[in-house]
Amino acid sequence: MAGTAPTWLRPVPGGLYCAPGDFYVDPTRAVDRAVITHGHADHARAGHGKVLATAETLAIMAARYEEEDTPGRQALAYGEAVMVGEVTIRLIPAGHVLGSAQAVLEYNGERIIVSGDYKRRHDPTCARFAVEPCDLFITEATFGLPVFRHPDDGEELGKLLASRQTFPERAHLVGAYTLGKAQRIIVRLRELGFDRPIYIHGALEGINRIYTRFGIDLGELRLVMETEKKEMAGEIVVAPPSTLNERWSRRLPDPVTVFASGWMRVRARARQRAVELPLVISDHADWDELNTTLDDVGAPHVWVTHGAEEALVHAATERGFAAKALALIGYEDDAE
Ligand SMILES: [Zn+2]
Ligand SMILES: [Zn+2]
């Protein structure tokens, strides 16, 4: 039997509020004191008073919001513990993007983990998801439906490399989210032996610089803006997804449009964006990873913050977890 769920962290308008510590985790509006799991804009908002996060996440927030000098920023290394009010806080890896963390909260003999966004598979650009037991595990469910099963990313990127061989005169324009996906694709291509320069949109420069500063080697990158059109024939270009259907892509020679996203499992989405080569590559857990994670963590209580909450709650309940959907407002299912 699950017993009663801890009551000292609760969903309120604006996010998850921890009363004995007087802080929020990933609040969706500006608050006095926030614990931030990772740098994606829907989790890491501007304008908080005090912020507790990994050094990587703080660097990403500083680059985005130009709040570098806020005195209330406190960096916490993975595994390091700090007391806030009566609550002990630790951050452990979530495997989602550089610096992403699960917030481990302990109070009164109970442990709650707020996992933020996460995935379980190999990603050379961030630390691997850590499993820790707890009384209450709070999970996302962005891809919380059985239809979402993500293939191996090496196989997906193999399709991109094969397409280059087939169309040596065309550039390959890969739409990839600016924080996390773009850098993961660049480094995975390096791991697969692709050692040519990779051409990038200027919007990636700031985040790329942070990855490099924290020791992630992206190899040789060149700016599309500073390159002649004809030089990019047969080359790989990485840019934000919005550029796929923008005038900007006309700088490239006859581009093959590629989009790397978990949503590419849904053919209608690929068609909507006129994607020629959809690649199913996600920084979120797929259906199997979500369910495996509940088993691995083994928390009797499970709350689901956003995404396809009802399906995951149903599956978890059938397997004996006391599960409930929070349907928190303000997190974007699309931010992947
Ligand atoms: Zn995220
Ligand atoms: Zn999210």
# chains A, B, ... in the order shown; residues from 1 in each chain; ligands from 1
>>> residues_around(residues="range 153-168 of chain A", least_positions_apart="2", cutoff="9 Å", atoms="only C-alpha atoms", output="ChimeraX atom specification")
/A:150-151,170-172,185,188-189,192,194,233-236,256,258,260,277-282
>>> write_last_selection(atoms="C-alpha atoms", output="PDB file, in the first residue's frame")
ATOM      1  CA  HIS A 150      12.004   6.674 -29.948  1.00  0.00           C
ATOM      2  CA  PRO A 151      14.443   4.692 -32.109  1.00  0.00           C
ATOM      3  CA  ARG A 170      22.282  19.803 -51.791  1.00  0.00           C
ATOM      4  CA  ALA A 171      22.818  21.243 -48.334  1.00  0.00           C
ATOM      5  CA  HIS A 172      21.122  19.391 -45.458  1.00  0.00           C
ATOM      6  CA  ILE A 185      23.244  16.274 -32.821  1.00  0.00           C
ATOM      7  CA  ARG A 188      26.655  12.585 -32.007  1.00  0.00           C
ATOM      8  CA  LEU A 189      27.632  13.255 -35.641  1.00  0.00           C
ATOM      9  CA  LEU A 192      29.620   8.685 -35.800  1.00  0.00           C
ATOM     10  CA  PHE A 194      31.521  12.960 -39.324  1.00  0.00           C
ATOM     11  CA  ALA A 233      26.712  22.043 -51.225  1.00  0.00           C
ATOM     12  CA  GLY A 234      26.728  18.598 -49.641  1.00  0.00           C
ATOM     13  CA  GLU A 235      27.270  19.998 -46.150  1.00  0.00           C
ATOM     14  CA  ILE A 236      25.278  19.755 -42.923  1.00  0.00           C
ATOM     15  CA  VAL A 256      16.990  19.058 -47.902  1.00  0.00           C
ATOM     16  CA  VAL A 258      15.446  17.788 -41.878  1.00  0.00           C
ATOM     17  CA  ALA A 260      15.037  16.258 -35.404  1.00  0.00           C
ATOM     18  CA  LEU A 277      13.633  13.999 -43.844  1.00  0.00           C
ATOM     19  CA  PRO A 278      12.024  13.627 -40.393  1.00  0.00           C
ATOM     20  CA  LEU A 279      14.352  12.253 -37.694  1.00  0.00           C
ATOM     21  CA  VAL A 280      12.835  10.914 -34.480  1.00  0.00           C
ATOM     22  CA  ILE A 281      15.350  12.247 -31.960  1.00  0.00           C
ATOM     23  CA  SER A 282      14.050  13.396 -28.597  1.00  0.00           C
TER      24      SER A 282
END
>>> residues_near_ligand(ligand="ligand 1", cutoff="10 Å", atoms="only C-alpha atoms and all ligand atoms", output="ChimeraX atom specification")
/A:37-44,96-97,100,116-118,140,142,179-180,283-284,331-336
>>> atom_distance(atom1="CA of Ile198 in chain A", atom2="CA of Leu221 in chain A")
4.9 Å
>>> residues_around(residues="Leu58 in chain A", least_positions_apart="6", cutoff="9 Å", atoms="only C-alpha atoms", output="VMD selection string")
chain A and resid 36 38 to 39 51 to 52 68 73 to 75 99
>>> select_by_dssp(residues="range 25-246 of chain A", states="helix (DSSP H, G or I)", output="MDAnalysis selection string")
chainID A and resid 55:65 153:166 181:191 202:213 224:226 229:232 241:245
